[in-house]
Each structure stands twice: as C-alpha cells, then as structure tokens.
file structure.cif (mmCIF, C-alpha atoms and all ligand atoms)
data_target
#
loop_
_atom_site.group_PDB
_atom_site.id
_atom_site.type_symbol
_atom_site.label_atom_id
_atom_site.label_comp_id
_atom_site.auth_asym_id
_atom_site.auth_seq_id
_atom_site.Cartn_x
_atom_site.Cartn_y
_atom_site.Cartn_z
ATOM 1 C CA MET P 1 -50.173 57.516 52.366
ATOM 2 C CA ILE P 2 -48.871 61.029 52.962
ATOM 3 C CA SER P 3 -46.229 61.177 55.687
ATOM 4 C CA THR P 4 -45.363 64.870 55.832
ATOM 5 C CA ILE P 5 -47.271 68.094 55.265
ATOM 6 C CA LYS P 6 -45.106 71.144 54.760
ATOM 7 C CA CYS P 7 -46.267 74.765 54.617
ATOM 8 C CA GLN P 8 -43.950 77.153 52.787
ATOM 9 C CA ASN P 9 -44.663 80.844 53.409
ATOM 10 C CA VAL P 10 -48.402 80.260 53.411
ATOM 11 C CA THR P 11 -50.689 83.281 53.458
ATOM 12 C CA LYS P 12 -54.477 83.462 53.372
ATOM 13 C CA GLN P 13 -56.145 86.756 52.752
ATOM 14 C CA TYR P 14 -59.901 87.258 52.810
ATOM 15 C CA VAL P 15 -61.289 90.208 50.920
ATOM 16 C CA GLY P 16 -64.873 91.272 51.496
ATOM 17 C CA ASP P 17 -66.735 94.594 51.533
ATOM 18 C CA GLY P 18 -63.477 96.426 50.979
ATOM 19 C CA VAL P 19 -62.033 94.895 54.138
ATOM 20 C CA ILE P 20 -58.895 92.799 53.887
ATOM 21 C CA THR P 21 -58.216 90.215 56.589
ATOM 22 C CA ASN P 22 -54.841 88.533 56.713
ATOM 23 C CA ALA P 23 -56.086 85.377 58.421
ATOM 24 C CA VAL P 24 -52.827 83.484 57.906
ATOM 25 C CA GLN P 25 -49.576 85.365 57.397
ATOM 26 C CA ASN P 26 -46.435 83.831 55.973
ATOM 27 C CA ILE P 27 -46.548 80.547 57.853
ATOM 28 C CA SER P 28 -43.847 77.931 57.395
ATOM 29 C CA VAL P 29 -44.223 74.733 59.378
ATOM 30 C CA GLU P 30 -43.944 70.994 58.927
ATOM 31 C CA PHE P 31 -46.152 68.221 60.258
ATOM 32 C CA THR P 32 -45.095 64.574 60.503
ATOM 33 C CA LYS P 33 -47.515 61.668 60.384
ATOM 34 C CA GLY P 34 -46.384 59.988 63.609
ATOM 35 C CA GLU P 35 -47.146 63.082 65.647
ATOM 36 C CA LEU P 36 -50.130 64.544 67.396
ATOM 37 C CA THR P 37 -50.012 68.310 66.967
ATOM 38 C CA ALA P 38 -52.018 70.850 68.930
ATOM 39 C CA ILE P 39 -52.748 74.244 67.364
ATOM 40 C CA ILE P 40 -53.558 76.847 69.989
ATOM 41 C CA GLY P 41 -54.041 80.616 70.076
ATOM 42 C CA PRO P 42 -56.713 83.231 70.748
ATOM 43 C CA SER P 43 -59.987 83.545 68.863
ATOM 44 C CA GLY P 44 -59.447 84.965 65.392
ATOM 45 C CA SER P 45 -55.764 84.024 65.293
ATOM 46 C CA GLY P 46 -56.208 81.908 62.152
ATOM 47 C CA LYS P 47 -56.351 78.369 63.554
ATOM 48 C CA SER P 48 -59.435 77.222 61.608
ATOM 49 C CA THR P 49 -58.190 78.954 58.486
ATOM 50 C CA LEU P 50 -54.872 77.117 58.711
ATOM 51 C CA LEU P 51 -56.649 73.805 59.288
ATOM 52 C CA SER P 52 -58.889 74.233 56.252
ATOM 53 C CA LEU P 53 -55.862 75.103 54.114
ATOM 54 C CA LEU P 54 -54.063 71.994 55.389
ATOM 55 C CA GLY P 55 -57.175 69.940 54.621
ATOM 56 C CA THR P 56 -57.305 71.269 51.012
ATOM 57 C CA LEU P 57 -60.734 72.750 51.746
ATOM 58 C CA ASP P 58 -59.353 76.139 50.784
ATOM 59 C CA ARG P 59 -56.393 77.503 48.779
ATOM 60 C CA PRO P 60 -53.578 79.668 50.114
ATOM 61 C CA THR P 61 -53.474 83.187 48.665
ATOM 62 C CA THR P 62 -49.694 82.832 48.385
ATOM 63 C CA GLY P 63 -47.222 80.145 49.358
ATOM 64 C CA LYS P 64 -47.407 76.397 49.020
ATOM 65 C CA ILE P 65 -48.575 73.412 50.986
ATOM 66 C CA LEU P 66 -46.664 70.285 50.037
ATOM 67 C CA TYR P 67 -47.877 66.768 50.772
ATOM 68 C CA ASP P 68 -44.802 64.551 50.576
ATOM 69 C CA GLY P 69 -43.377 67.274 48.365
ATOM 70 C CA GLU P 70 -46.383 67.605 46.084
ATOM 71 C CA GLU P 71 -48.794 70.504 45.788
ATOM 72 C CA ILE P 72 -52.441 69.393 45.656
ATOM 73 C CA VAL P 73 -54.733 72.423 45.411
ATOM 74 C CA THR P 74 -53.397 73.339 41.972
ATOM 75 C CA LYS P 75 -54.693 70.038 40.576
ATOM 76 C CA ARG P 76 -58.095 69.334 39.040
ATOM 77 C CA LYS P 77 -61.151 69.371 41.307
ATOM 78 C CA LYS P 78 -61.756 65.635 41.041
ATOM 79 C CA MET P 79 -58.147 64.907 41.995
ATOM 80 C CA ILE P 80 -58.337 67.212 45.003
ATOM 81 C CA ALA P 81 -61.563 65.532 46.128
ATOM 82 C CA ASP P 82 -60.047 62.062 45.737
ATOM 83 C CA PHE P 83 -56.935 63.140 47.616
ATOM 84 C CA ARG P 84 -59.051 64.476 50.461
ATOM 85 C CA PHE P 85 -61.184 61.329 50.544
ATOM 86 C CA ASN P 86 -58.148 59.041 50.655
ATOM 87 C CA GLU P 87 -55.853 60.964 52.955
ATOM 88 C CA ILE P 88 -57.820 63.182 55.319
ATOM 89 C CA GLY P 89 -60.544 62.770 57.911
ATOM 90 C CA PHE P 90 -62.235 65.833 59.430
ATOM 91 C CA ILE P 91 -63.725 66.260 62.893
ATOM 92 C CA PHE P 92 -65.516 69.444 63.984
ATOM 93 C CA GLN P 93 -66.754 71.071 67.163
ATOM 94 C CA GLN P 94 -70.368 70.682 66.018
ATOM 95 C CA PHE P 95 -70.538 66.994 65.282
ATOM 96 C CA HIS P 96 -72.484 67.509 62.026
ATOM 97 C CA LEU P 97 -74.314 64.199 62.266
ATOM 98 C CA LEU P 98 -77.439 63.753 60.182
ATOM 99 C CA PRO P 99 -80.302 63.629 62.721
ATOM 100 C CA THR P 100 -82.485 61.123 60.889
ATOM 101 C CA LEU P 101 -79.706 58.575 60.367
ATOM 102 C CA THR P 102 -78.522 56.029 62.927
ATOM 103 C CA ALA P 103 -74.944 56.001 64.211
ATOM 104 C CA LEU P 104 -74.118 53.238 61.726
ATOM 105 C CA GLU P 105 -75.698 55.104 58.801
ATOM 106 C CA ASN P 106 -73.901 58.325 59.767
ATOM 107 C CA VAL P 107 -70.548 56.520 59.766
ATOM 108 C CA LEU P 108 -71.331 55.169 56.300
ATOM 109 C CA THR P 109 -72.059 58.578 54.718
ATOM 110 C CA PRO P 110 -68.511 59.333 53.432
ATOM 111 C CA VAL P 111 -68.318 56.034 51.536
ATOM 112 C CA PHE P 112 -71.981 55.899 50.501
ATOM 113 C CA ALA P 113 -71.440 57.022 46.914
ATOM 114 C CA ARG P 114 -67.859 55.757 46.649
ATOM 115 C CA LYS P 115 -66.453 52.557 45.214
ATOM 116 C CA VAL P 116 -64.279 50.929 47.840
ATOM 117 C CA THR P 117 -62.556 47.558 48.037
ATOM 118 C CA TYR P 118 -63.906 46.542 51.427
ATOM 119 C CA ASP P 119 -67.293 45.614 52.873
ATOM 120 C CA LYS P 120 -68.605 49.049 53.888
ATOM 121 C CA GLU P 121 -71.016 47.898 56.549
ATOM 122 C CA LYS P 122 -68.501 45.551 58.137
ATOM 123 C CA ARG P 123 -65.930 48.338 58.236
ATOM 124 C CA ALA P 124 -68.471 50.801 59.714
ATOM 125 C CA LYS P 125 -69.255 48.354 62.510
ATOM 126 C CA GLU P 126 -65.537 47.848 63.097
ATOM 127 C CA VAL P 127 -64.824 51.580 63.532
ATOM 128 C CA LEU P 128 -67.858 52.046 65.775
ATOM 129 C CA GLN P 129 -66.499 49.256 67.914
ATOM 130 C CA GLN P 130 -63.085 50.919 67.893
ATOM 131 C CA VAL P 131 -64.561 54.143 69.332
ATOM 132 C CA GLY P 132 -66.465 52.161 71.960
ATOM 133 C CA LEU P 133 -69.965 52.348 70.490
ATOM 134 C CA ALA P 134 -70.649 48.736 69.574
ATOM 135 C CA ASP P 135 -73.896 48.878 71.540
ATOM 136 C CA LYS P 136 -75.140 52.150 69.993
ATOM 137 C CA MET P 137 -74.997 51.375 66.268
ATOM 138 C CA ASN P 138 -78.729 51.755 65.757
ATOM 139 C CA ALA P 139 -79.163 54.808 67.967
ATOM 140 C CA LEU P 140 -80.095 58.181 66.466
ATOM 141 C CA PRO P 141 -77.850 61.165 67.341
ATOM 142 C CA SER P 142 -80.629 62.546 69.598
ATOM 143 C CA GLN P 143 -80.374 59.375 71.667
ATOM 144 C CA LEU P 144 -76.630 59.835 72.243
ATOM 145 C CA SER P 145 -74.652 62.011 74.648
ATOM 146 C CA GLY P 146 -72.335 64.722 73.283
ATOM 147 C CA GLY P 147 -69.273 62.551 73.831
ATOM 148 C CA GLN P 148 -70.943 59.629 72.072
ATOM 149 C CA GLN P 149 -71.955 61.850 69.146
ATOM 150 C CA GLN P 150 -68.376 63.022 68.806
ATOM 151 C CA ARG P 151 -67.251 59.391 68.832
ATOM 152 C CA VAL P 152 -69.649 58.683 65.944
ATOM 153 C CA ALA P 153 -68.099 61.649 64.116
ATOM 154 C CA ILE P 154 -64.627 60.217 64.738
ATOM 155 C CA ALA P 155 -65.729 56.797 63.470
ATOM 156 C CA ARG P 156 -67.085 58.529 60.353
ATOM 157 C CA ALA P 157 -63.760 60.333 59.897
ATOM 158 C CA ILE P 158 -61.720 57.119 60.072
ATOM 159 C CA ILE P 159 -63.940 54.743 58.087
ATOM 160 C CA HIS P 160 -61.746 55.091 54.996
ATOM 161 C CA LYS P 161 -58.454 54.882 56.954
ATOM 162 C CA PRO P 162 -57.149 58.402 56.335
ATOM 163 C CA SER P 163 -53.466 59.074 57.015
ATOM 164 C CA TRP P 164 -54.380 62.369 58.687
ATOM 165 C CA LEU P 165 -57.102 63.472 61.065
ATOM 166 C CA LEU P 166 -57.826 67.196 61.238
ATOM 167 C CA ALA P 167 -59.923 68.197 64.219
ATOM 168 C CA ASP P 168 -61.209 71.730 64.837
ATOM 169 C CA GLU P 169 -62.082 72.147 68.540
ATOM 170 C CA PRO P 170 -63.264 68.525 68.806
ATOM 171 C CA THR P 171 -63.736 68.877 72.558
ATOM 172 C CA GLY P 172 -65.197 72.402 72.439
ATOM 173 C CA ASN P 173 -68.766 71.260 73.068
ATOM 174 C CA LEU P 174 -67.903 68.712 75.727
ATOM 175 C CA ASP P 175 -67.300 68.867 79.458
ATOM 176 C CA THR P 176 -63.687 68.565 80.612
ATOM 177 C CA ALA P 177 -63.796 64.860 81.475
ATOM 178 C CA THR P 178 -65.504 63.868 78.214
ATOM 179 C CA GLY P 179 -63.103 66.129 76.322
ATOM 180 C CA GLU P 180 -60.238 64.184 77.809
ATOM 181 C CA VAL P 181 -61.780 60.871 76.754
ATOM 182 C CA ILE P 182 -62.097 62.151 73.182
ATOM 183 C CA PHE P 183 -58.523 63.468 73.213
ATOM 184 C CA ASP P 184 -57.255 60.115 74.499
ATOM 185 C CA LEU P 185 -59.178 58.348 71.741
ATOM 186 C CA LEU P 186 -57.476 60.549 69.138
ATOM 187 C CA ARG P 187 -54.125 59.827 70.784
ATOM 188 C CA GLU P 188 -54.878 56.108 70.550
ATOM 189 C CA LEU P 189 -55.637 56.454 66.816
ATOM 190 C CA ASN P 190 -52.337 58.282 66.423
ATOM 191 C CA ARG P 191 -50.418 55.508 68.207
ATOM 192 C CA GLU P 192 -52.274 52.467 66.857
ATOM 193 C CA GLU P 193 -53.213 53.496 63.326
ATOM 194 C CA GLY P 194 -50.255 55.836 62.880
ATOM 195 C CA CYS P 195 -52.536 58.730 61.835
ATOM 196 C CA GLY P 196 -51.025 62.187 61.851
ATOM 197 C CA ILE P 197 -53.351 64.263 64.014
ATOM 198 C CA LEU P 198 -53.823 68.031 64.077
ATOM 199 C CA ILE P 199 -56.089 69.319 66.829
ATOM 200 C CA VAL P 200 -57.164 72.925 67.194
ATOM 201 C CA THR P 201 -57.963 73.462 70.848
ATOM 202 C CA HIS P 202 -58.543 76.146 73.460
ATOM 203 C CA ASP P 203 -57.742 73.662 76.190
ATOM 204 C CA SER P 204 -54.117 74.197 77.230
ATOM 205 C CA LYS P 205 -54.186 71.103 79.472
ATOM 206 C CA LEU P 206 -54.952 68.941 76.433
ATOM 207 C CA ALA P 207 -52.428 70.799 74.282
ATOM 208 C CA GLU P 208 -49.686 69.990 76.775
ATOM 209 C CA LYS P 209 -50.183 66.303 75.985
ATOM 210 C CA ALA P 210 -49.353 66.847 72.292
ATOM 211 C CA ASP P 211 -46.013 65.987 70.654
ATOM 212 C CA HIS P 212 -45.927 69.246 68.748
ATOM 213 C CA ILE P 213 -47.533 72.532 69.785
ATOM 214 C CA ILE P 214 -48.097 75.446 67.437
ATOM 215 C CA THR P 215 -49.115 78.729 69.030
ATOM 216 C CA MET P 216 -50.761 81.225 66.679
ATOM 217 C CA ARG P 217 -51.440 84.922 67.027
ATOM 218 C CA ASP P 218 -52.666 87.368 64.383
ATOM 219 C CA GLY P 219 -52.266 84.759 61.664
ATOM 220 C CA GLN P 220 -48.678 84.007 62.544
ATOM 221 C CA ILE P 221 -46.917 81.253 64.423
ATOM 222 C CA MET P 222 -45.588 82.712 67.651
ATOM 223 C CA GLU P 223 -44.156 79.477 68.938
ATOM 224 C CA ASP P 224 -43.434 76.071 67.426
ATOM 225 C CA THR P 225 -42.389 73.547 70.049
ATOM 226 C CA LYS P 226 -41.854 69.838 69.969
ATOM 227 C CA GLY P 227 -42.277 67.927 73.201
ATOM 228 C CA ASP P 228 -40.094 65.017 74.142
ATOM 229 C CA VAL P 229 -43.020 62.591 74.228
ATOM 230 C CA SER P 230 -41.988 59.557 72.259
HETATM 231 N N1 LIG P 301 -64.564 83.256 55.067
HETATM 232 C C1 LIG P 301 -64.040 84.323 55.670
HETATM 233 N N2 LIG P 301 -64.172 85.553 55.145
HETATM 234 C C2 LIG P 301 -63.628 86.645 55.721
HETATM 235 N N3 LIG P 301 -62.901 86.603 56.850
HETATM 236 C C3 LIG P 301 -62.723 85.398 57.429
HETATM 237 C C4 LIG P 301 -63.284 84.200 56.884
HETATM 238 N N4 LIG P 301 -62.944 83.166 57.679
HETATM 239 C C5 LIG P 301 -62.209 83.695 58.681
HETATM 240 N N5 LIG P 301 -62.066 85.032 58.544
HETATM 241 C C6 LIG P 301 -61.282 85.939 59.427
HETATM 242 O O1 LIG P 301 -59.975 85.414 59.512
HETATM 243 C C7 LIG P 301 -59.466 85.535 60.831
HETATM 244 C C8 LIG P 301 -59.073 84.159 61.353
HETATM 245 O O2 LIG P 301 -60.239 83.389 61.533
HETATM 246 P P1 LIG P 301 -60.227 81.873 62.019
HETATM 247 O O3 LIG P 301 -61.605 81.369 61.942
HETATM 248 O O4 LIG P 301 -59.183 81.131 61.284
HETATM 249 O O5 LIG P 301 -59.776 82.062 63.554
HETATM 250 P P2 LIG P 301 -59.682 80.990 64.722
HETATM 251 O O6 LIG P 301 -58.315 81.084 65.289
HETATM 252 O O7 LIG P 301 -60.134 79.656 64.238
HETATM 253 O O8 LIG P 301 -60.720 81.569 65.787
HETATM 254 P P3 LIG P 301 -61.709 80.797 66.821
HETATM 255 O O9 LIG P 301 -60.830 80.338 67.958
HETATM 256 O O10 LIG P 301 -62.656 81.865 67.264
HETATM 257 O O11 LIG P 301 -62.368 79.668 66.094
HETATM 258 C C9 LIG P 301 -60.546 86.218 61.634
HETATM 259 O O12 LIG P 301 -60.250 87.593 61.691
HETATM 260 C C10 LIG P 301 -61.810 85.959 60.833
HETATM 261 O O13 LIG P 301 -62.744 86.996 61.026
HETATM 262 MG MG MG P 302 -61.779 78.436 64.719
#
call {"tool": "encode", "arguments": {"input": "structure.cif", "output": "structure tokens"}}
result
Amino acid sequence: MISTIKCQNVTKQYVGDGVITNAVQNISVEFTKGELTAIIGPSGSGKSTLLSLLGTLDRPTTGKILYDGEEIVTKRKKMIADFRFNEIGFIFQQFHLLPTLTALENVLTPVFARKVTYDKEKRAKEVLQQVGLADKMNALPSQLSGGQQQRVAIARAIIHKPSWLLADEPTGNLDTATGEVIFDLLRELNREEGCGILIVTHDSKLAEKADHIITMRDGQIMEDTKGDVS
C-alpha cells in the first residue's frame, strides 16, 4: 500500500509535427494517502497530463515520480501493470462503461481476467452497495442517470481496493447537485477506506473542500496550498 507519491522536477514534453508542447514543466510536489487533493487550473494547463503521469499511464520526459521512494515507470511492463492494478483506481469524466454490460458486470471488468483472493461477485455487489446502487446491479448503463453511471465507474475503480483514486473531472458531465454527491462519495472513500484521492476539477466550490489544492498554469504549479481540514 503506497502512502506517498512524490514528484521530483517532473517534466512532460510532447513532440509532434515539429511542434513541442511542454505540458508539464519542472513540477515538484508530494501527495499523502490520507488527503483529498484537488488539481485546478485553466484548460491546457497540464492537469490531465500530470494525472496520467501520477497514474503510471505515461512516463515523464525528465524527473522522477517516487511511490514510497521507488520509481515505477522504469520497471518492466508487467510490473507496471501489476502496480497500477494493485494501487490505483481511475475515474474519468466520460464514465467509460461498456453499454452491453450490466452495472454488476461493468464493476467486474477490472478483475475479470485477474487472479484474486476474494469472491469477485460478492465484492462487486459490496462496492455497488457502498456507492448506493444495491438496487441497480442488473441495470444497463442506458437505464441509469449520469450520477448513477459515475457511481458504477467509482465502484469499478474501487473493486480491488486501490490505495489511490485518480479522478479526471469526475463531475464534469454532471449537474452541480449530482457533482456534489459524487464529490462527497469520494470524500467518504478517503475518510473510510483511507484512499489517497486526486481530483482534477474545474469546480472551485468543490476544490475548496479539498485538504490540498494544487493550482496549475502553463504546465507549472502556481500555488500549492494545504487546508486545515483534519
Ligand atoms: N498526447 C498529446 N500530444 C501532444 N500534445 C498533448 C497531448 N496531450 C496533451 N497535450 C498538450 O499538453 C497540454 C496540456 O494538456 P492537458 O490535457 O494536460 O491539459 P488539461 O489541464 O487537462 O486541460 P483540460 O482542462 O482542457 O482538460 C495542452 O497544450 C495539450 O494540447
Ligand atoms: Mg484535462
């Protein structure tokens, strides 16, 4: 269980068609598992890029990301994939549910081809209950509201008990009230399961409720503040 993620002078440069984009520029920051962190900043400021680097979905161009002091992306592919499976759950703005699968089947997809020590179906039902969807297990995504679909996506992200949840605009497709419900659910997972949570958001009202707020601009961190929420 990883308890800190530390970025040391992390840079991500995209090169395409002769154009160089410095999406993330020399970022140093530390995240602690007990905290809920909000990452805010204008469009194009590098928030999603930073999140995918933190989630080992991409490699920094320079600099290091240390998970309890250890670098992961330099390891073999299989090890990176296992690390990601064990430690990190992802939630996106588009819920990315498979339309022909029920809520229960969608939640099971991450563990479908994996050997695990627990009863998969029992665990899937447990997490669906945890996100308040006990009565919608057999519903298809098309039969669910946006907020309910996002709750299925959250259940899918936590089925394997990750230590970290990385969410990119998880409330971006939801109305304000539903967005708040989803945020509160993530907060609950942070408090009750002890998950470290990183949320990219445009919603400054939600960001204010975070323990740690990172403000990005032009690939850099403009402000790094810790609230006194305990
Ligand atoms: N795969 C890629 N190839 C080339 N450039 C990219 C790639 N991904 C992102 N970029 C560029 O990197 C910069 C940062 O993009 P990023 O998606 O991280 O921003 P963001 O803060 O998440 O924006 P938004 O709020 O609109 O989602 C942008 O200039 C973007 O065009
Ligand atoms: Mg983005």
call {"tool": "resolve_selection", "arguments": {"input": "structure.cif", "expression": "the PyMOL selection byres (((chain P and resi 69) around 12) and not hetatm)", "output": "list in words"}}
result
Ile2, Ser3, Thr4, Ile5, Lys6, Cys7, Gln8, Glu30, Lys64, Ile65, Leu66, Tyr67, Asp68, Glu70, Glu71 and Ile72 of chain P
call {"tool": "axis_aligned_box", "arguments": {"input": "structure.cif", "around": "ligand LIG 301 (chain P)", "padding_each_side": "8 Å", "output": "JSON"}}
result
{"center_x": -61.4, "center_y": 83.6, "center_z": 61.5, "size_x": 22.2, "size_y": 23.9, "size_z": 28.9}
call {"tool": "residues_near_ligand", "arguments": {"input": "structure.cif", "ligand": "ligand MG 302 (chain P)", "cutoff": "12 Å", "atoms": "only C-alpha atoms and all ligand atoms", "output": "count of residues only"}}
result
29
call {"tool": "residues_around", "arguments": {"input": "structure.cif", "residues": "Gln25 (chain P)", "least_positions_apart": "6", "cutoff": "10 Å", "atoms": "all atoms listed in the file", "output": "PyMOL selection string"}}
result
chain P and resi 9-13+46+50+61-63+217-221
call {"tool": "closest_residue", "arguments": {"input": "structure.cif", "among": "P:His212, P:Arg59, P:Arg76, P:Arg84", "to": "ligand LIG 301 (chain P)", "atoms": "only C-alpha atoms and all ligand atoms"}}
result
P:Arg59
call {"tool": "resolve_selection", "arguments": {"input": "structure.cif", "expression": "the PyMOL selection byres (((chain P and resi 105) around 12) and not hetatm)", "output": "number ranges by chain"}}
result
P: 97-104, 106-112, 120-125, 128, 136-141, 152-153, 155-156, 159
call {"tool": "closest_residue", "arguments": {"input": "structure.cif", "among": "P:Ile182, P:Leu53, P:Leu165, P:Val29", "to": "ligand LIG 301 (chain P)", "atoms": "all atoms listed in the file"}}
result
P:Leu53
call {"tool": "atom_distance", "arguments": {"input": "structure.cif", "atom1": "CA of Ile214 (chain P)", "atom2": "CA of Leu185 (chain P)"}}
result
20.8 Å
call {"tool": "atom_distance", "arguments": {"input": "structure.cif", "atom1": "atom C3 of ligand LIG 301 (chain P)", "atom2": "CA of Asp82 (chain P)"}}
result
26.2 Å
call {"tool": "closest_residue", "arguments": {"input": "structure.cif", "among": "P:Phe31, P:Gln130, P:Thr225, P:Asp203", "to": "ligand LIG 301 (chain P)", "atoms": "all atoms listed in the file"}}
result
P:Asp203
call {"tool": "resolve_selection", "arguments": {"input": "structure.cif", "expression": "the PyMOL selection byres (((chain P and resi 206) around 10) and not hetatm)", "output": "PyMOL selection string"}}
result
chain P and resi 38+171+176+179-180+183-184+199+201-205+207-210
call {"tool": "closest_residue", "arguments": {"input": "structure.cif", "among": "P:Tyr118, P:Phe83, P:Tyr14, P:Phe90", "to": "Ile158 (chain P)", "atoms": "only C-alpha atoms"}}
result
P:Phe90
call {"tool": "atom_distance", "arguments": {"input": "structure.cif", "atom1": "CA of Lys75 (chain P)", "atom2": "CA of Trp164 (chain P)"}}
result
19.7 Å
